[in-house]
Amino acid sequence: MKRLLLTLFLSSAGWCASYDPFLLETQLSLLPKIAVLEKNILTSNVKSPIKILIAYDRGDDDTAASCIKILMSKFNGHINGRPISAIALPFDKLDGTASYHFIYALKASMSQLSKVHNAVGTSGAITALYDADKLTDNGLLLSIRMERTPIILINAKALRQNRFSFPDSLLEIARIVQ
Amino acid sequence: MMNRFSLALLFVPFSLFAAEADTDLFNTLTDDINTITKTAKDQRANIDYLPYIMTVFEGEELSRAGASSLKEALSLAAGVNIASDNLSLFNPVIRGSNPVAYGQSKLIVDGVEVNDLFFDGYTAYLTMPIDMIKRIEIVRGPGSYSDGHWGYAGSIIVTTYKKEPDTDKNSRWFTSAGTHNTYKAGASYAMRENDFAFAADLYTVHDNLSLPYGQDGLSNNLLGVANAPLSRSGNAPSSTDATMFSFSLAKGDFFSDGRISSYRHGSGGGINYALATGEDHYNIDQWQLRAGVHYNVEDFTGTFQASIVQDSFISHQLLAPEGLQFPSLNPPTTLVTYVNGFYGEHEAIIRTYRVNNTLSGSVMGGEATFGIGKSWSSVTSEKTITTDRDSGTGMTDYSTILPFFSPNGSINNLTTYLTYEKVLSSSLCGYASLTVDKRNDLSAQVDPRAALLYTLDPDNLIKLSISHAHRNPSWQEMYTLNNRARWGNPNLVPETVMAYETQLIHRFEVDHSLSVNFFQLNNEDQIYPQYNSTFLRYEYINGSKSKIRGFEAEWRKRYDETSFYGAFTHIWAEDGQGATLPNAPSNTARGFITHTLDTNWYGSLAGRWQSATPRASTDPRSDMKSIGIIDTSIGYKLPKFQSEVQLTAKNLFDKNEFYPSPTNTYDGDYPSSGRTFLLTFRGTF
């Protein structure tokens with residue numbers, strides 16, 4: 001009976017990640033602000049909305065919807081005086097046809113993160129992901145991990161390749177990972 | 001090159017604007033980082049970097065794992081065992097530290113210590129439904145990361161949804177029904193508008209549990225050899241009725257909060273180790289009211305607060321069965337037969353007034369907090385009404401001549417503390433604290449603590465700490481009178497502990513870590529009831545030393561759709577004479593898995609196991625057997641209604657779980673409920 005129960009339990013199929021709520025909220029509070037510090041975004045049309053995409057795995061719909069709520073609530077609909085427009089899309093619906101200023105990926109496999117990378121296309125979107133351990137594997141730019149303080153992680157390779165330009169003051173407080 | 005130069009000229013005004021904008025934006029970013037750092041510390045989101053060995057659970061994580069109350073949640077945590085007694089009072093025991101004494105750990109709910117003064121325990125709060133709780137922090141070892149609260153073996157810090165509502169939801173509700181006519185219901189609400197904030201929560205818990213006890217203490221001559229044949233066994237009332245309401249108000253720098261808790265429980269094994277029957281019950285009620293103000297003095301922030309707390313213990317119980325024979329009071333030579341048994345109504349009310357001031361700020365590059373507090377507690381009411389001791393029938397008031405609790409009990413405390421935390425280098429952080437506690441009639445207790453946190457690299461950390469702590473004797477241990485099961489001793493001195501702890505933490509990746517901690521606790525002057533064969537009663541004494549050494553390992557992983565928590569604790573515990581310490585199992589394991597099946601369905605499996613529990617050397621009974629308990633739950637989310645339904649099965653295989661009874665009281669150990677089911681609806685609005 002015990003073995004059967006355990007087997008049934010562990011063999012149940014399902015695909016929905018679990019998240020550290022504090023880390024999630026911290027990332028959603030800081031990462032959009034960091035993205036807006038990038039010179040191209042900062043100097044683009046100040047009246048146009050900042051377009052944010054939350055990319056998620058099937059089953060993470062609730063978390064993605066919650067991310068949008070948190071973003072709208074944290075920034076009261078505006079970052080640096082510019083309105084925010086945020087949508088959520090599953091990884092398998094990402095393509096390069098739409099352009100975004102900032103793409104944030106929830107928990108994902110390597111291949112799903114590659115789709116995020118590909119979805120950037122020519123839009124020059126700033127990319128970030130929840131799982132900081134996968135930052136350097138897929139060419140995404142930003143993440144945050146929680147140590148004593150929130151640590152901003154910047155992927156040096158992605159920074160160089162995409163010629164993103166951030167203020168020196170940001171680079172001084174961030175941890176550049178190779 | 002020319003092109004670039006021209007473009008640069010063209011963009012000069014905009015670039016200047018951009019530079020100004022990015023400076024402003026960067027400043028708000030650093031402000032946010034500082035705020036998050038403070039919040040992370042306050043909400044224990046970065047516990048790996050705090051100078052304590054602690055475990056933090058989110059309420060939702062625990063409810064997913066099938067825990068339905070604070071007690072059930074604590075029983076899933078590393079190093080925590082729940083002990084109980086003849087009244088079914090519960091006592092979370094941390095790392096095996098003195099299971100027979102309440103007050104070994106402090107419970108702090110929304111920043112307020114709630115241990116009741118009578119027992120120094122918090123049984124009433126252990127029924128708090130998990131749906132009211134946003135977060136539980138379990139600090140193992142002396143001290144506590146909450147200003148002015150000093151646990152002895154550990155501290156439990158509970159934050160409710162009332163105190164910290166979720167970002168996008170400020171109101172919650174739940175209702176449950178289950179085995180033993182259990183029903184629970186509750187809700188919390190929080191609102192904020194400009195500088196005004198209001199929050200409140202309310203819950204009620206009921207069951208009509210009845211538990212099977214073995215032969216009661218009369219069989220061991222606790223009420224004399226002549227009464228031994230009156231010993232009984234069978235089902236005893238263990239029902240629970242608990243209701244709690246709390247509120248908080250804040251306007252600008254002023255704040256006020258209050259809590260009222262009503263807890264009624266069946267008398268179970270009885271105050272005198274005589275089996276309770278029928279409507280026998282006791283109440284442990286408490287109310288608190290607090291008001292204060294935050295203020296600034298130059299670069300320091302301060303908080304002044306004043307509070308009033310009332311604790312009461314009320315019991316209505318048949319204390320000995322029909323046919324009891326006992327000498328009369330006047331003269332003491334006549335034998336009185338209590339044809340309807342010996343009934344008792346007892347009431348003790350203790351009121352405490354407290355003022356406290358804390359001041360925090362930066363000192364020499366570190367963060368310092370200084371606090372000073374004074375409290376005055378005294379008995380405001382004591383009633384002892386029992387069956388007439390000369391005729392054996394009718395009720396007589398013995399509050400003056402045979403009080404069950406000293407009506408003159410009075411305790412004043414003056415406590416000062418200083419904490420200092422400083423980042424010494426990029427990889428080293430130091431922490432020091434000093435507490436001085438002076439209680440009337442006792443010498444001042446001085447408790448220093450020092451801790452270091454060393455970051456080897458972002459994925460590997462080491463913590464080291466040395467602490468001294470004390471536990472003042474509780475009112476029950478000092479002032480209980482005329483009760484053969486517990487006789488107080490006003491000359492008790494505090495228990496003390498010297499603790500040496502270290503913890504290694506390895507983070508494999510985000511949301512995946514393993515920690516191992518090693519500890520040694522040298523306890524002295526441990527307080528426990530010892531049987532006095534001359535007076536035929538259990539008296540509280542400062543009896544023993546104990547040395548507890550051990551290690552704990554905790555593993556946590558949020559792995560895609562599945563979250564894991566696993567913990568193992570091993571202790572080597574011995575008393576002052578080198579004998580194995582009783583009532584503390586050497587090995588305990590805890591764990592749970594929560595699994596999201598799809599958008600709607602989720603499930604969990606939780607388990608706890610402990611090795612055999614040793615007895616006192618004077619106890620002829622064999623050790624309590626090892627036991628493993630498995631719980632499971634399944635839930636279905638209803639996003640359209642912002643709600644969900646969950647079915648939980650506790651003790652799935654209906655194992656007989658017991659709590660150790662003291663030597664020469666009950667023949668068997670204290671029982672607990674077997675398999676139970678609970679159906680819960682919960683939601684937000």
# chains A, B, ... in the order shown; residues from 1 in each chain; ligands from 1
>>> interface_residues(of="chain B", to="chain A", cutoff="7 Å", atoms="only C-alpha atoms", output="PyMOL selection string")
chain B and resi 18+22+25+29+33+37+45-46+49+167-168+509-510+558-563+596-599
>>> write_last_selection(atoms="N, CA and C atoms", output="tab-separated table (two decimals), in the first residue's frame")
chain	number	residue	atom	x	y	z
B	18	ALA	N	19.09	62.42	-20.48
B	18	ALA	CA	19.19	60.99	-20.22
B	18	ALA	C	20.10	60.72	-19.03
B	22	ASP	N	18.98	58.85	-15.91
B	22	ASP	CA	19.53	57.57	-15.45
B	22	ASP	C	20.11	57.68	-14.05
B	25	LEU	N	17.05	57.40	-11.92
B	25	LEU	CA	16.58	56.02	-11.98
B	25	LEU	C	17.51	55.10	-11.20
B	29	LEU	N	16.87	52.80	-7.99
B	29	LEU	CA	17.23	51.37	-8.00
B	29	LEU	C	18.01	51.01	-6.73
B	33	ILE	N	17.10	48.49	-3.75
B	33	ILE	CA	17.97	47.40	-3.28
B	33	ILE	C	18.12	47.46	-1.76
B	37	THR	N	16.86	44.68	0.81
B	37	THR	CA	17.80	44.08	1.76
B	37	THR	C	17.22	44.07	3.16
B	45	ALA	N	14.07	36.28	4.21
B	45	ALA	CA	14.20	35.75	2.86
B	45	ALA	C	15.65	35.39	2.54
B	46	ASN	N	16.56	35.82	3.40
B	46	ASN	CA	17.97	35.47	3.16
B	46	ASN	C	18.55	34.83	4.42
B	49	TYR	N	22.13	34.08	5.37
B	49	TYR	CA	23.04	35.15	5.74
B	49	TYR	C	22.71	35.76	7.11
B	167	THR	N	1.10	40.80	-2.03
B	167	THR	CA	1.12	42.02	-2.84
B	167	THR	C	-0.22	42.28	-3.52
B	168	ASP	N	-0.79	41.21	-4.08
B	168	ASP	CA	-1.99	41.43	-4.89
B	168	ASP	C	-3.27	40.93	-4.22
B	509	GLU	N	22.19	25.39	-6.48
B	509	GLU	CA	21.66	26.29	-7.49
B	509	GLU	C	20.53	27.08	-6.84
B	510	VAL	N	19.88	27.92	-7.62
B	510	VAL	CA	18.74	28.66	-7.09
B	510	VAL	C	17.71	27.66	-6.56
B	558	ARG	N	13.35	23.24	-4.81
B	558	ARG	CA	12.15	23.46	-5.62
B	558	ARG	C	12.55	23.02	-7.01
B	559	TYR	N	12.04	21.88	-7.41
B	559	TYR	CA	12.48	21.29	-8.66
B	559	TYR	C	11.31	21.26	-9.62
B	560	ASP	N	11.31	22.19	-10.58
B	560	ASP	CA	10.21	22.29	-11.53
B	560	ASP	C	8.87	22.14	-10.84
B	561	GLU	N	8.18	21.05	-11.11
B	561	GLU	CA	6.83	20.93	-10.59
B	561	GLU	C	6.80	20.41	-9.16
B	562	THR	N	7.94	20.06	-8.61
B	562	THR	CA	7.97	19.40	-7.31
B	562	THR	C	8.89	20.13	-6.34
B	563	SER	N	8.41	20.27	-5.10
B	563	SER	CA	9.26	20.84	-4.04
B	563	SER	C	9.56	19.77	-3.02
B	596	THR	N	2.89	19.63	-8.15
B	596	THR	CA	1.82	20.23	-8.94
B	596	THR	C	1.57	19.34	-10.15
B	597	LEU	N	0.36	18.82	-10.21
B	597	LEU	CA	0.06	17.86	-11.27
B	597	LEU	C	-0.28	18.57	-12.59
B	598	ASP	N	-1.08	19.60	-12.50
B	598	ASP	CA	-1.37	20.42	-13.68
B	598	ASP	C	-1.89	21.77	-13.21
B	599	THR	N	-2.54	22.49	-14.07
B	599	THR	CA	-3.00	23.84	-13.70
B	599	THR	C	-3.92	23.81	-12.49
>>> select_by_dssp(residues="stretch 16-109 of chain A", states="strand (DSSP E or B)", output="PyMOL selection string")
chain A and resi 50-56+78-79+82-90+102-105
>>> write_last_selection(atoms="C-alpha atoms", output="CSV table (one decimal), in the first residue's frame")
chain,number,residue,atom,x,y,z
A,50,ILE,CA,7.8,49.9,-22.1
A,51,LYS,CA,6.8,46.5,-23.6
A,52,ILE,CA,7.4,43.7,-21.2
A,53,LEU,CA,7.0,40.0,-22.0
A,54,ILE,CA,6.8,37.3,-19.3
A,55,ALA,CA,7.8,34.0,-21.0
A,56,TYR,CA,6.7,30.8,-19.2
A,78,HIS,CA,4.8,53.3,-15.1
A,79,ILE,CA,8.5,53.0,-15.1
A,82,ARG,CA,6.7,55.7,-19.2
A,83,PRO,CA,3.7,53.5,-19.3
A,84,ILE,CA,4.2,49.7,-19.0
A,85,SER,CA,2.5,47.2,-21.3
A,86,ALA,CA,3.1,43.6,-20.0
A,87,ILE,CA,1.9,40.4,-21.5
A,88,ALA,CA,2.7,36.7,-20.9
A,89,LEU,CA,3.3,34.1,-23.5
A,90,PRO,CA,4.3,30.4,-23.2
A,102,PHE,CA,12.3,43.6,-21.8
A,103,ILE,CA,11.7,39.8,-21.7
A,104,TYR,CA,11.7,37.9,-18.4
A,105,ALA,CA,11.8,34.1,-18.5
>>> residues_around(residues="B:Val493", least_positions_apart="6", cutoff="10 Å", atoms="only C-alpha atoms", output="short mmCIF file (atom, residue, chain, number, x, y, z; two decimals) with C-alpha atoms, in the first residue's frame")
data_model
loop_
_atom_site.label_atom_id
_atom_site.label_comp_id
_atom_site.auth_asym_id
_atom_site.auth_seq_id
_atom_site.Cartn_x
_atom_site.Cartn_y
_atom_site.Cartn_z
CA ASP B 441 14.51 37.80 44.03
CA LEU B 442 16.93 36.40 41.44
CA SER B 443 20.42 37.49 40.59
CA HIS B 470 18.66 31.42 30.59
CA ARG B 471 15.05 30.45 31.15
CA ASN B 472 13.33 31.94 34.16
CA PRO B 473 11.10 29.51 36.06
CA MET B 478 7.08 28.58 41.26
CA ASP B 525 19.79 23.75 36.69
CA GLN B 526 17.17 22.02 34.56
CA ILE B 527 13.74 22.34 36.15
CA ILE B 541 13.33 21.32 41.53
CA ASN B 542 16.48 22.57 39.83
#
>>> select_by_dssp(residues="stretch 50-251 of chain B", states="alpha helix (DSSP H)", output="number ranges by chain")
B: 59-64, 70-74, 123-126
>>> write_last_selection(atoms="N, CA and C atoms", output="mmCIF file, in the first residue's frame")
data_model
loop_
_atom_site.group_PDB
_atom_site.id
_atom_site.type_symbol
_atom_site.label_atom_id
_atom_site.label_comp_id
_atom_site.auth_asym_id
_atom_site.auth_seq_id
_atom_site.Cartn_x
_atom_site.Cartn_y
_atom_site.Cartn_z
ATOM 1 N N GLY B 59 3.675 29.762 4.627
ATOM 2 C CA GLY B 59 2.405 29.136 4.999
ATOM 3 C C GLY B 59 1.798 28.328 3.868
ATOM 4 N N GLU B 60 1.862 28.885 2.653
ATOM 5 C CA GLU B 60 1.265 28.176 1.507
ATOM 6 C C GLU B 60 1.987 26.867 1.234
ATOM 7 N N GLU B 61 3.305 26.899 1.416
ATOM 8 C CA GLU B 61 4.110 25.687 1.223
ATOM 9 C C GLU B 61 3.666 24.611 2.228
ATOM 10 N N LEU B 62 3.412 25.050 3.453
ATOM 11 C CA LEU B 62 3.015 24.097 4.495
ATOM 12 C C LEU B 62 1.599 23.585 4.289
ATOM 13 N N SER B 63 0.706 24.468 3.847
ATOM 14 C CA SER B 63 -0.664 23.988 3.613
ATOM 15 C C SER B 63 -0.670 23.020 2.433
ATOM 16 N N ARG B 64 0.153 23.283 1.430
ATOM 17 C CA ARG B 64 0.285 22.331 0.323
ATOM 18 C C ARG B 64 0.782 20.976 0.841
ATOM 19 N N LEU B 70 -0.492 25.254 13.249
ATOM 20 C CA LEU B 70 0.893 25.567 13.616
ATOM 21 C C LEU B 70 1.575 24.334 14.201
ATOM 22 N N LYS B 71 0.846 23.569 15.012
ATOM 23 C CA LYS B 71 1.439 22.365 15.617
ATOM 24 C C LYS B 71 1.860 21.373 14.537
ATOM 25 N N GLU B 72 0.994 21.141 13.580
ATOM 26 C CA GLU B 72 1.339 20.193 12.518
ATOM 27 C C GLU B 72 2.503 20.719 11.675
ATOM 28 N N ALA B 73 2.551 22.028 11.493
ATOM 29 C CA ALA B 73 3.649 22.608 10.721
ATOM 30 C C ALA B 73 4.979 22.415 11.445
ATOM 31 N N LEU B 74 4.981 22.659 12.759
ATOM 32 C CA LEU B 74 6.231 22.537 13.512
ATOM 33 C C LEU B 74 6.729 21.094 13.525
ATOM 34 N N THR B 123 0.284 26.458 24.092
ATOM 35 C CA THR B 123 -0.593 25.426 23.540
ATOM 36 C C THR B 123 -1.738 26.016 22.723
ATOM 37 N N ALA B 124 -2.355 27.092 23.254
ATOM 38 C CA ALA B 124 -3.518 27.662 22.562
ATOM 39 C C ALA B 124 -3.161 28.060 21.141
ATOM 40 N N TYR B 125 -1.966 28.593 20.980
ATOM 41 C CA TYR B 125 -1.568 29.100 19.664
ATOM 42 C C TYR B 125 -1.190 27.982 18.696
ATOM 43 N N LEU B 126 -0.918 26.806 19.237
ATOM 44 C CA LEU B 126 -0.544 25.696 18.344
ATOM 45 C C LEU B 126 -1.726 25.242 17.496
#
>>> residues_around(residues="B:Val297", least_positions_apart="3", cutoff="12 Å", atoms="only C-alpha atoms", output="list in words")
His294, Phe300, Thr301, Gly302, Thr303, Thr358, Leu359, Ser360 and Gly361 of chain B
>>> residues_around(residues="A:Met110", least_positions_apart="3", cutoff="12 Å", atoms="only C-alpha atoms", output="PyMOL selection string")
chain A and resi 57+91+105-107+113-117+129+131+133-140
>>> residues_around(residues="B:Asn194", least_positions_apart="5", cutoff="12 Å", atoms="only C-alpha atoms", output="PyMOL selection string")
chain B and resi 250-252
>>> write_last_selection(atoms="N, CA and C atoms", output="mmCIF file, in the first residue's frame")
data_model
loop_
_atom_site.group_PDB
_atom_site.id
_atom_site.type_symbol
_atom_site.label_atom_id
_atom_site.label_comp_id
_atom_site.auth_asym_id
_atom_site.auth_seq_id
_atom_site.Cartn_x
_atom_site.Cartn_y
_atom_site.Cartn_z
ATOM 1 N N ALA B 250 -2.568 51.538 12.512
ATOM 2 C CA ALA B 250 -1.414 52.432 12.474
ATOM 3 C C ALA B 250 -1.807 53.712 11.772
ATOM 4 N N LYS B 251 -1.373 54.799 12.326
ATOM 5 C CA LYS B 251 -1.603 56.101 11.704
ATOM 6 C C LYS B 251 -0.315 56.883 11.874
ATOM 7 N N GLY B 252 0.353 57.114 10.761
ATOM 8 C CA GLY B 252 1.650 57.777 10.843
ATOM 9 C C GLY B 252 2.601 56.965 11.703
#
>>> closest_residue(among="A:Gln178, A:Ile154, A:Gln112, A:Leu171", to="A:Ala128", atoms="only C-alpha atoms")
A:Ile154
>>> closest_atom_pairs(of="stretch 429-534 of chain B", to="stretch 95-109 of chain B", cutoff="12 Å", atoms="only C-alpha atoms", output="Markdown table")
| residue | atom | partner | partner_atom | distance |
| --- | --- | --- | --- | --- |
| B:Ala469 | CA | B:Gln104 | CA | 10.6 |
| B:His470 | CA | B:Gln104 | CA | 9.4 |
| B:Arg471 | CA | B:Gln104 | CA | 7.0 |
| B:Asn472 | CA | B:Gly103 | CA | 8.5 |
| B:Pro473 | CA | B:Gly103 | CA | 8.5 |
| B:Ser474 | CA | B:Gly103 | CA | 7.4 |
| B:Trp475 | CA | B:Gly103 | CA | 10.7 |
| B:Gln476 | CA | B:Tyr102 | CA | 9.7 |
| B:Glu477 | CA | B:Ala101 | CA | 8.8 |
| B:Arg486 | CA | B:Val100 | CA | 11.7 |
| B:Pro494 | CA | B:Gln104 | CA | 11.3 |
| B:Glu495 | CA | B:Gln104 | CA | 9.4 |
| B:Thr496 | CA | B:Gln104 | CA | 10.6 |
| B:Val497 | CA | B:Ser97 | CA | 9.9 |
| B:Ala499 | CA | B:Ser97 | CA | 11.7 |
| B:Asn517 | CA | B:Arg95 | CA | 11.9 |
| B:Phe518 | CA | B:Arg95 | CA | 11.2 |
| B:Phe519 | CA | B:Arg95 | CA | 9.4 |
| B:Gln520 | CA | B:Arg95 | CA | 10.1 |
| B:Leu521 | CA | B:Ser97 | CA | 8.6 |
| B:Asn522 | CA | B:Ser97 | CA | 10.1 |
| B:Asn523 | CA | B:Ser97 | CA | 8.4 |
| B:Glu524 | CA | B:Asn98 | CA | 10.7 |
| B:Asp525 | CA | B:Asn98 | CA | 10.8 |
| B:Gln526 | CA | B:Asn98 | CA | 7.2 |
| B:Ile527 | CA | B:Ala101 | CA | 6.8 |
| B:Tyr528 | CA | B:Val100 | CA | 6.3 |
| B:Pro529 | CA | B:Val100 | CA | 8.2 |
| B:Gln530 | CA | B:Val100 | CA | 11.0 |
>>> residues_around(residues="stretch 408-410 of chain B", least_positions_apart="4", cutoff="10 Å", atoms="only C-alpha atoms", output="NGL selection string")
:B and (350-352 or 376-382 or 440 or 475 or 478-480 or 490)
>>> write_last_selection(atoms="C-alpha atoms", output="PDB file, in the first residue's frame")
ATOM      1  CA  ILE B 350      -2.272  37.059  36.085  1.00  0.00           C
ATOM      2  CA  ARG B 351      -1.951  40.545  34.680  1.00  0.00           C
ATOM      3  CA  THR B 352       1.199  42.081  33.279  1.00  0.00           C
ATOM      4  CA  TRP B 376       5.218  44.052  36.372  1.00  0.00           C
ATOM      5  CA  SER B 377       3.137  40.878  36.761  1.00  0.00           C
ATOM      6  CA  SER B 378       0.904  39.875  39.615  1.00  0.00           C
ATOM      7  CA  VAL B 379      -1.979  37.577  40.403  1.00  0.00           C
ATOM      8  CA  THR B 380      -5.236  39.488  40.174  1.00  0.00           C
ATOM      9  CA  SER B 381      -7.536  36.609  40.999  1.00  0.00           C
ATOM     10  CA  GLU B 382      -7.193  33.137  42.470  1.00  0.00           C
ATOM     11  CA  ASN B 440      12.950  40.214  41.533  1.00  0.00           C
ATOM     12  CA  TRP B 475       4.640  30.744  37.373  1.00  0.00           C
ATOM     13  CA  MET B 478       7.080  28.576  41.263  1.00  0.00           C
ATOM     14  CA  TYR B 479       3.599  29.191  42.567  1.00  0.00           C
ATOM     15  CA  THR B 480       1.441  26.047  42.184  1.00  0.00           C
ATOM     16  CA  PRO B 490       9.518  29.862  44.695  1.00  0.00           C
TER      17      PRO B 490
END
>>> atom_distance(atom1="atom CA of B:Ser231", atom2="atom CA of B:Asp390")
22.7 Å
